[in-house]
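**Student:** Contents of target-v2.cif (mmCIF, C-alpha atoms) are below:
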data_structure
#
loop_
_atom_site.label_atom_id
_atom_site.label_comp_id
_atom_site.auth_asym_id
_atom_site.auth_seq_id
_atom_site.Cartn_x
_atom_site.Cartn_y
_atom_site.Cartn_z
CA MET A 1 -96.90 25.72 -19.04
CA LYS A 2 -94.73 22.76 -18.06
CA LEU A 3 -93.33 22.83 -14.54
CA GLY A 4 -89.66 21.99 -14.96
CA ALA A 5 -86.91 21.24 -12.48
CA ARG A 6 -85.60 24.81 -12.60
CA ILE A 7 -88.94 26.20 -11.40
CA PHE A 8 -88.87 23.91 -8.37
CA LYS A 9 -85.21 24.70 -7.74
CA THR A 10 -85.98 28.42 -7.76
CA GLY A 11 -88.60 27.88 -5.08
CA ILE A 12 -86.24 25.70 -3.02
CA ALA A 13 -83.44 28.29 -3.33
CA ILE A 14 -85.77 31.04 -2.07
CA ILE A 15 -86.87 28.89 0.86
CA LEU A 16 -83.28 27.99 1.75
CA SER A 17 -82.04 31.59 1.55
CA LEU A 18 -84.88 32.86 3.76
CA PHE A 19 -84.40 29.99 6.21
CA LEU A 20 -80.65 30.61 6.55
CA SER A 21 -81.27 34.34 6.96
CA GLU A 22 -83.53 33.57 9.91
CA ILE A 23 -80.98 31.23 11.44
CA PHE A 24 -78.23 33.86 11.22
CA GLN A 25 -80.74 36.57 12.24
CA LEU A 26 -79.93 38.74 9.25
CA PRO A 27 -82.13 41.79 8.68
CA SER A 28 -84.02 42.17 5.39
CA PRO A 29 -83.87 38.46 4.34
CA VAL A 30 -85.77 39.39 1.17
CA PHE A 31 -82.45 40.52 -0.34
CA ALA A 32 -81.07 36.99 0.10
CA ALA A 33 -84.09 35.60 -1.76
CA ILE A 34 -83.61 38.09 -4.60
CA ALA A 35 -79.93 37.17 -4.87
CA ALA A 36 -80.83 33.45 -4.98
CA ILE A 37 -83.16 34.08 -7.94
CA PHE A 38 -80.45 35.93 -9.88
CA ALA A 39 -77.74 33.37 -9.10
CA LEU A 40 -79.59 30.17 -10.11
CA GLN A 41 -78.10 28.60 -13.25
CA PRO A 42 -79.16 25.73 -15.57
CA THR A 43 -76.04 23.59 -14.93
CA ILE A 44 -73.77 22.89 -11.97
CA TYR A 45 -70.76 24.06 -13.97
CA ARG A 46 -72.42 27.36 -14.86
CA SER A 47 -73.50 27.72 -11.24
CA PHE A 48 -69.86 27.36 -10.17
CA LEU A 49 -68.74 29.98 -12.69
CA SER A 50 -71.65 32.19 -11.68
CA ILE A 51 -70.80 32.16 -7.99
CA ILE A 52 -67.28 33.40 -8.79
CA GLU A 53 -68.64 36.17 -11.00
CA GLN A 54 -71.34 37.06 -8.49
CA ILE A 55 -68.75 37.45 -5.73
CA GLN A 56 -66.76 39.80 -7.95
CA GLY A 57 -69.83 41.77 -9.01
CA ASN A 58 -71.19 42.10 -5.48
CA VAL A 59 -67.81 43.19 -4.11
CA ILE A 60 -67.70 45.88 -6.81
CA GLY A 61 -71.23 47.03 -5.96
CA ALA A 62 -70.49 47.10 -2.22
CA ILE A 63 -67.17 48.96 -2.55
CA ILE A 64 -68.60 51.59 -4.91
CA ALA A 65 -71.60 52.05 -2.59
CA VAL A 66 -69.40 52.58 0.46
CA ILE A 67 -67.04 54.96 -1.36
CA PHE A 68 -69.87 57.10 -2.74
CA VAL A 69 -71.80 57.26 0.54
CA LEU A 70 -68.72 58.20 2.57
CA SER A 71 -67.61 60.74 -0.06
CA PHE A 72 -70.84 62.26 -1.37
CA GLY A 73 -73.73 60.93 0.71
CA ASN A 74 -76.72 58.90 -0.47
CA HIS A 75 -78.78 61.42 -2.40
CA ILE A 76 -80.81 59.90 -5.24
CA VAL A 77 -78.59 61.64 -7.80
CA ILE A 78 -75.49 60.15 -6.15
CA ILE A 79 -77.09 56.67 -6.27
CA GLY A 80 -77.70 57.10 -10.01
CA LEU A 81 -74.09 58.16 -10.62
CA ALA A 82 -72.83 55.23 -8.55
CA ALA A 83 -74.96 52.88 -10.68
CA ILE A 84 -73.27 54.18 -13.83
CA VAL A 85 -69.84 53.51 -12.30
CA VAL A 86 -70.84 49.97 -11.22
CA ILE A 87 -72.17 49.13 -14.70
CA THR A 88 -69.04 50.52 -16.37
CA ILE A 89 -66.68 48.51 -14.15
CA ASN A 90 -68.66 45.29 -14.71
CA LEU A 91 -68.56 45.79 -18.46
CA LYS A 92 -64.81 46.54 -18.40
CA LEU A 93 -64.20 43.32 -16.44
CA LYS A 94 -66.50 41.40 -18.85
CA ILE A 95 -68.80 40.21 -16.08
CA ASP A 96 -71.92 41.88 -17.46
CA THR A 97 -74.09 38.96 -16.29
CA THR A 98 -73.64 40.21 -12.71
CA ILE A 99 -74.73 43.79 -13.38
CA SER A 100 -78.27 43.32 -12.07
CA LEU A 101 -77.22 41.83 -8.75
CA SER A 102 -74.33 44.30 -8.41
CA LEU A 103 -76.82 47.14 -8.70
CA VAL A 104 -79.10 45.51 -6.12
CA THR A 105 -76.15 45.25 -3.73
CA MET A 106 -75.16 48.87 -4.35
CA ILE A 107 -78.69 50.22 -3.84
CA VAL A 108 -79.49 48.29 -0.64
CA ILE A 109 -76.17 49.40 0.88
CA MET A 110 -76.55 53.05 -0.13
CA GLU A 111 -80.08 53.12 1.29
CA THR A 112 -78.96 51.94 4.76
CA PRO A 113 -79.36 54.33 7.76
CA GLY A 114 -76.65 56.92 8.36
CA ASP A 115 -75.64 55.65 11.80
CA ALA A 116 -73.39 52.59 11.82
CA PHE A 117 -73.35 52.67 8.02
CA ILE A 118 -70.35 50.35 7.61
CA GLU A 119 -71.87 47.73 9.92
CA PHE A 120 -75.17 47.76 8.00
CA ALA A 121 -73.28 47.62 4.69
CA ILE A 122 -71.40 44.49 5.77
CA ILE A 123 -74.60 42.83 7.02
CA ARG A 124 -76.54 43.53 3.81
CA PHE A 125 -73.64 42.44 1.65
CA SER A 126 -73.47 39.19 3.65
CA THR A 127 -77.23 38.72 3.23
CA ILE A 128 -76.97 38.98 -0.53
CA MET A 129 -73.99 36.60 -0.67
CA LEU A 130 -75.96 34.14 1.45
CA GLY A 131 -78.60 34.10 -1.29
CA VAL A 132 -75.93 33.45 -3.93
CA PHE A 133 -74.49 30.52 -1.99
CA SER A 134 -77.99 29.17 -1.35
CA ALA A 135 -78.62 29.02 -5.11
CA PHE A 136 -75.32 27.20 -5.64
CA ILE A 137 -76.14 24.62 -2.93
CA VAL A 138 -79.58 23.98 -4.41
CA ASN A 139 -78.16 23.55 -7.93
CA LEU A 140 -75.55 21.15 -6.56
CA VAL A 141 -77.81 19.01 -4.39
CA PHE A 142 -81.43 19.24 -5.51
CA LEU A 143 -82.68 17.86 -8.84
CA PRO A 144 -79.38 18.01 -10.77
CA PRO A 145 -80.16 18.53 -14.46
CA LYS A 146 -79.96 15.46 -16.74
CA TYR A 147 -79.22 17.02 -20.08
CA GLU A 148 -78.12 13.74 -21.69
CA LYS A 149 -81.64 12.37 -21.25
CA LYS A 150 -83.20 15.56 -22.62
CA LEU A 151 -80.78 15.64 -25.57
CA TYR A 152 -81.30 12.00 -26.55
CA PHE A 153 -85.10 12.14 -26.40
CA LYS A 154 -85.16 15.42 -28.32
CA LEU A 155 -82.97 13.83 -31.01
CA SER A 156 -85.16 10.73 -31.01
CA ASP A 157 -88.36 12.79 -31.37
CA ILE A 158 -87.00 14.82 -34.30
CA THR A 159 -85.67 11.66 -35.98
CA GLU A 160 -89.08 10.03 -35.64
CA GLU A 161 -90.81 13.10 -37.06
CA THR A 162 -88.50 13.46 -40.08
CA THR A 163 -88.52 9.76 -40.97
CA LYS A 164 -92.33 9.71 -40.75
CA TRP A 165 -92.62 12.59 -43.21
CA ILE A 166 -89.96 11.08 -45.52
CA ARG A 167 -91.98 7.84 -45.71
CA LEU A 168 -95.12 9.79 -46.58
CA THR A 169 -93.43 12.13 -49.08
CA ILE A 170 -91.72 9.44 -51.16
CA ARG A 171 -95.15 7.78 -51.49
CA HIS A 172 -96.70 11.14 -52.48
CA ALA A 173 -99.01 10.94 -49.46
CA SER A 174 -97.98 14.10 -47.63
CA GLU A 175 -100.06 17.27 -47.50
CA HIS A 176 -97.91 20.05 -48.94
CA ARG A 177 -98.95 22.91 -46.64
CA LEU A 178 -98.85 20.88 -43.43
CA LEU A 179 -95.44 19.47 -44.29
CA LYS A 180 -94.11 22.98 -45.00
CA ASN A 181 -95.26 24.14 -41.55
CA ASP A 182 -93.78 21.08 -39.86
CA ILE A 183 -90.43 21.58 -41.58
CA GLY A 184 -90.31 25.09 -40.11
CA LYS A 185 -91.07 23.72 -36.63
CA MET A 186 -88.44 21.01 -36.98
CA LYS A 187 -85.82 23.57 -38.04
CA GLU A 188 -86.47 25.46 -34.80
CA ALA A 189 -86.28 22.22 -32.80
CA VAL A 190 -82.93 21.37 -34.44
CA ARG A 191 -81.57 24.80 -33.46
CA ASN A 192 -82.55 24.06 -29.85
CA LEU A 193 -80.51 20.85 -30.03
CA ASP A 194 -77.31 22.88 -30.16
CA HIS A 195 -78.29 24.59 -26.89
CA LEU A 196 -79.02 21.25 -25.18
CA TYR A 197 -75.70 19.90 -26.46
CA VAL A 198 -73.83 22.81 -24.85
CA MET A 199 -75.70 22.22 -21.58
CA TYR A 200 -74.76 18.52 -21.64
CA LYS A 201 -71.17 19.37 -22.53
CA GLU A 202 -70.93 21.63 -19.49
CA GLU A 203 -72.02 18.88 -17.10
CA ARG A 204 -68.94 17.79 -15.15
CA ASN A 205 -67.97 14.26 -14.12
CA TYR A 206 -67.06 13.71 -10.50
CA PHE A 207 -64.80 10.75 -11.36
CA LYS A 208 -61.85 10.89 -13.74
CA LYS A 209 -62.51 7.35 -15.03
CA ASN A 210 -65.70 8.64 -16.68
CA THR A 211 -63.99 11.52 -18.47
CA LEU A 212 -62.97 9.54 -21.58
CA ALA A 213 -66.39 7.93 -21.92
CA LYS A 214 -68.03 11.36 -21.62
CA SER A 215 -65.71 12.78 -24.28
CA ARG A 216 -66.62 10.00 -26.71
CA LYS A 217 -70.30 10.44 -25.93
CA LEU A 218 -69.97 14.11 -26.85
CA VAL A 219 -68.61 13.06 -30.25
CA ILE A 220 -71.55 10.68 -30.70
CA TYR A 221 -74.15 13.28 -29.78
CA ARG A 222 -72.52 15.83 -32.06
CA GLN A 223 -72.76 13.29 -34.88
CA MET A 224 -76.38 12.54 -33.96
CA ILE A 225 -77.17 16.22 -34.36
CA SER A 226 -75.36 16.32 -37.70
CA THR A 227 -77.26 13.23 -38.85
CA VAL A 228 -80.67 14.58 -37.88
CA LYS A 229 -79.83 17.81 -39.72
CA ARG A 230 -79.09 15.74 -42.85
CA SER A 231 -82.38 13.88 -42.47
CA LEU A 232 -84.23 17.19 -42.25
CA GLU A 233 -82.37 18.45 -45.33
CA MET A 234 -83.35 15.22 -47.09
CA LEU A 235 -86.99 15.88 -46.24
CA ARG A 236 -86.74 19.51 -47.33
CA ARG A 237 -85.43 18.55 -50.78
CA LEU A 238 -88.04 15.82 -51.23
CA HIS A 239 -90.72 18.34 -50.36
CA ARG A 240 -89.33 20.98 -52.69
CA PHE A 241 -88.58 18.71 -55.69
CA GLU A 242 -91.36 16.15 -55.30
CA ASN A 243 -92.90 17.04 -58.69
CA ASP A 244 -89.53 16.78 -60.45
CA LEU A 245 -88.96 13.31 -59.02
CA GLN A 246 -92.34 12.20 -60.38
CA GLU A 247 -91.15 13.11 -63.88
CA MET A 248 -88.45 10.43 -63.66
CA PRO A 249 -89.15 6.84 -64.82
CA ALA A 250 -91.28 4.72 -62.45
CA GLU A 251 -88.46 2.21 -62.00
CA PHE A 252 -86.15 4.95 -60.79
CA GLN A 253 -88.81 6.34 -58.41
CA ASN A 254 -89.29 2.88 -56.91
CA ALA A 255 -85.54 2.55 -56.42
CA VAL A 256 -85.40 5.92 -54.62
CA GLN A 257 -88.32 4.88 -52.41
CA GLN A 258 -86.71 1.56 -51.49
CA GLN A 259 -83.33 3.17 -50.84
CA LEU A 260 -84.89 5.77 -48.53
CA ASP A 261 -86.93 3.12 -46.73
CA CYS A 262 -83.70 1.22 -46.04
CA LEU A 263 -81.92 4.39 -44.98
CA ILE A 264 -84.52 5.63 -42.50
CA HIS A 265 -84.81 2.11 -41.04
CA TYR A 266 -81.03 2.19 -40.63
CA HIS A 267 -81.17 5.59 -38.89
CA GLU A 268 -83.91 4.44 -36.50
CA HIS A 269 -81.96 1.26 -35.73
CA VAL A 270 -78.78 3.19 -34.91
CA MET A 271 -80.64 5.46 -32.49
CA LEU A 272 -82.08 2.45 -30.65
CA LYS A 273 -78.75 0.64 -30.79
CA PHE A 274 -77.17 3.44 -28.77
CA ILE A 275 -79.46 2.70 -25.81
CA GLY A 276 -79.22 -1.07 -26.24
CA LYS A 277 -82.80 -1.71 -27.37
CA VAL A 278 -82.00 -3.59 -30.61
CA ARG A 279 -79.54 -6.17 -31.88
CA PRO A 280 -76.32 -4.47 -32.99
CA ASN A 281 -75.93 -6.10 -36.41
CA VAL A 282 -78.87 -6.02 -38.82
CA SER A 283 -78.97 -6.17 -42.63
CA PHE A 284 -81.22 -3.52 -44.16
CA GLU A 285 -83.10 -4.67 -47.27
CA GLU A 286 -86.25 -3.50 -49.00
CA GLY A 287 -87.41 -6.00 -51.61
CA ASP A 288 -84.41 -6.70 -53.81
CA ILE A 289 -82.74 -3.44 -52.83
CA ILE A 290 -79.85 -3.39 -50.35
CA LEU A 291 -78.85 0.00 -48.98
CA ASN A 292 -76.16 1.27 -51.36
CA SER A 293 -76.29 4.94 -52.30
CA LYS A 294 -73.50 4.64 -54.87
CA GLU A 295 -75.57 2.16 -56.87
CA LEU A 296 -78.46 4.61 -56.74
CA LEU A 297 -76.20 7.27 -58.26
CA ASN A 298 -75.22 4.91 -61.09
CA LEU A 299 -78.91 4.09 -61.61
CA PHE A 300 -79.66 7.80 -61.94
CA PHE A 301 -77.04 8.22 -64.67
CA ALA A 302 -78.36 5.16 -66.48
CA HIS A 303 -81.95 6.42 -66.48
CA GLN A 304 -80.78 9.87 -67.44
CA LYS A 305 -79.44 8.48 -70.71
CA GLU A 306 -82.35 6.14 -71.37
CA ALA A 307 -85.17 8.53 -70.52
CA LYS A 308 -83.78 11.32 -72.74
CA ILE A 309 -85.23 13.93 -70.44
CA GLU A 310 -84.61 17.31 -72.03
CA ASP A 311 -85.57 19.44 -69.06
CA GLU A 312 -82.27 20.18 -67.33
CA ALA A 313 -84.07 21.58 -64.26
CA ILE A 314 -85.72 18.19 -63.59
CA LEU A 315 -82.37 16.40 -63.82
CA SER A 316 -80.68 19.03 -61.68
CA HIS A 317 -83.34 18.86 -58.97
CA THR A 318 -83.38 15.06 -58.99
CA MET A 319 -79.62 15.09 -58.67
CA GLN A 320 -80.00 17.22 -55.52
CA ILE A 321 -82.25 14.53 -54.04
CA ILE A 322 -79.69 11.84 -54.85
CA SER A 323 -76.94 13.99 -53.34
CA ALA A 324 -78.96 14.42 -50.15
CA ILE A 325 -79.54 10.64 -49.93
CA ILE A 326 -75.81 9.94 -50.28
CA ASN A 327 -74.92 12.61 -47.69
CA TYR A 328 -77.57 11.32 -45.27
CA ASP A 329 -76.34 7.74 -45.75
CA GLU A 330 -72.75 8.73 -45.00
CA GLN A 331 -73.78 10.53 -41.80
CA VAL A 332 -75.82 7.55 -40.54
CA ALA A 333 -72.99 5.12 -41.36
CA HIS A 334 -70.49 7.31 -39.50
CA LEU A 335 -72.83 7.52 -36.50
CA ASP A 336 -73.17 3.72 -36.52
CA LYS A 337 -69.39 3.38 -36.57
CA LEU A 338 -68.94 5.75 -33.62
CA ILE A 339 -71.57 3.93 -31.54
CA THR A 340 -70.07 0.53 -32.33
CA SER A 341 -66.63 1.75 -31.29
CA PHE A 342 -67.99 3.28 -28.08
CA GLN A 343 -69.82 0.12 -27.09
CA THR A 344 -66.74 -1.97 -27.83
CA TYR A 345 -64.27 0.00 -25.70
CA HIS A 346 -66.62 1.18 -22.96
CA LYS A 347 -68.61 -1.93 -22.16
CA LYS A 348 -69.35 -0.88 -18.57
CA THR A 349 -70.80 2.44 -19.71
CA SER A 350 -72.14 1.32 -23.08
CA GLU A 351 -75.63 0.61 -21.79
CA ILE A 352 -77.21 4.02 -21.68
CA LEU A 353 -79.99 3.90 -19.10
CA ILE A 354 -82.33 6.58 -20.39
CA GLU A 355 -85.78 6.11 -18.89
CA GLU A 356 -88.94 8.02 -19.58
#
Can the structure from this file be put into structure tokens for me?
**Tutor:**
Amino acid sequence: MKLGARIFKTGIAIILSLFLSEIFQLPSPVFAAIAAIFALQPTIYRSFLSIIEQIQGNVIGAIIAVIFVLSFGNHIVIIGLAAIVVITINLKLKIDTTISLSLVTMIVIMETPGDAFIEFAIIRFSTIMLGVFSAFIVNLVFLPPKYEKKLYFKLSDITEETTKWIRLTIRHASEHRLLKNDIGKMKEAVRNLDHLYVMYKEERNYFKKNTLAKSRKLVIYRQMISTVKRSLEMLRRLHRFENDLQEMPAEFQNAVQQQLDCLIHYHEHVMLKFIGKVRPNVSFEEGDIILNSKELLNLFFAHQKEAKIEDEAILSHTMQIISAIINYDEQVAHLDKLITSFQTYHKKTSEILIEE
């Protein structure tokens, strides 16, 4: 198992909550540590939203606990009924993420000694809130998440994997079963990209001057995700209709191979262009072929007439491959355009320093 930043932050939050509990001489500091574990969030923005919700949830738990103890006592049946009320209120207020900690607050207050009940309730409520604030401080100060780096490298890895398999498949060098398994894994990885994108989107800028650049970066990353999805769809169709493509004339197969070689080189270049590792303007050629998907479509129609292929399924499946190439080409070209525009108007922030 990989030890990530969140694991370390959880440990730091526990240490900080216990340390502050000792400083303020709060009884039962373990409750502060428990609260810190519940309150830790993957982004600073979510941590800020969480602390607001946790305050609301804990106040609800504390108030219900005090009301039930003063009215009915703290019998185990009463604690169970109070838990039902706390859960219901949290759900009605649509803060169901705080239910667990609200119940912890309610239980630790209702289990306090009978004498000086209110005083113990306030102290234990304060202890739990200390844990919540400790988690927020840790998320704000220690090891802030860098989701842009994670998102870019994840996109880069998937792009590298898909382009590798496309190169092999158009040369009929891929192993069918292994490729099928890898396509399934890549589909899952692409779904995880959407989660990373949301995490990066939620990261907040501390300076207003960076807001516009961040907004345009979000557009670029959204287009990167769309482009890598098209590349995976391209691979999926090549894998599915590989035999149909082989039924087409050799000249047409060579043209498809050269066009795809140009296209995946183009995609790889655009990804590296974003982080400033290649020259911005490069012509993509493969033999006598220059990347032009519309010409490939015309070539398909020409060979369709000349070859006199009677099997409509072969033509239909080959047409799906051509359609995927054109769609993939359009997505890469649009991504290139967005990156060029970004680097033109945001020169100071155009060099993306993403280090391993």
**Student:** Taking all atoms listed in the file into account, which of A:Arg167, A:His334, A:Arg124, A:Arg240 comes nearest Met224 of chain A?
**Tutor:**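 Of the candidates, the smallest distance to Met224 of chain A is held by A:His334.
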**Student:** Could you tell me which of A:Leu232, A:Met199, A:His317, A:Lys214 comes closest to Thr162 of chain A if we count all atoms listed in the file?
**Tutor:**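 Ranking A:Leu232, A:Met199, A:His317, A:Lys214 by distance to Thr162 of chain A, first place goes to A:Leu232.
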**Student:** If we count only C-alpha atoms and set the cut-off at 9 Å, which residues sit around segment 88-101 of chain A, ignoring sequence neighbours fewer than 3 positions away in its own chain? Please answer as an NGL selection string.
**Tutor:** :A and (34-35 or 38-39 or 50 or 53-58 or 60-61 or 83-85 or 104-106 or 128)
**Student:** Just give me the gap between atom CA of Leu245 of chain A and atom CA of Leu178 of chain A in Å, one decimal is fine.
**Tutor:**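 Computing the Euclidean distance for atom CA of Leu245 of chain A and atom CA of Leu178 of chain A yields 20.0 Å.
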**Student:** Between atom CA of Ser126 of chain A and atom CA of Ile87 of chain A, measure the distance and give it in Å to one decimal.
**Tutor:** 20.9 Å
**Student:** Please determine, counting only C-alpha atoms, which residue among A:Ala324, A:Val86, A:Leu338, A:Leu272 has the shortest atom-to-atom distance to Leu218 of chain A.
**Tutor:**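 Looking only at the distances to Leu218 of chain A, the closest residue turns out to be A:Leu338.
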**Student:** Check what the PyMOL selection byres ((chain A and resi 297) around 12) selects in the file above and give those residues as a PyMOL selection string.
**Tutor:** chain A and resi 252+255-256+259+292-296+298-304+318-327
**Student:** Go through A:Glu111, A:Leu235, A:Leu151, A:Gly131 one by one, measure the shortest atom-to-atom distance of each to Trp165 of chain A using only C-alpha atoms, and give the residue with the smallest value.
**Tutor:** A:Leu235
**Student:** For His75 of chain A, find every residue with an atom within 12 Å (counting only C-alpha atoms), except residues of its own chain fewer than 2 positions away, and show them as a PyMOL selection string.
**Tutor:** chain A and resi 65+68-73+77-82+107+110-112+114
**Student:** In the coordinates of the file, take the point (-87.8, 9.6, -40.1) and a cut-off of 12 Å; then, counting all atoms listed in the file, name each qualifying protein, DNA or RNA residue as JSON, numbers by chain.
**Tutor:** {"A": [155, 156, 157, 158, 159, 160, 161, 162, 163, 164, 165, 166, 167, 168, 169, 170, 186, 227, 228, 229, 230, 231, 232, 233, 234, 235, 260, 261, 262, 263, 264, 265, 266, 267, 268, 269, 271, 328]}
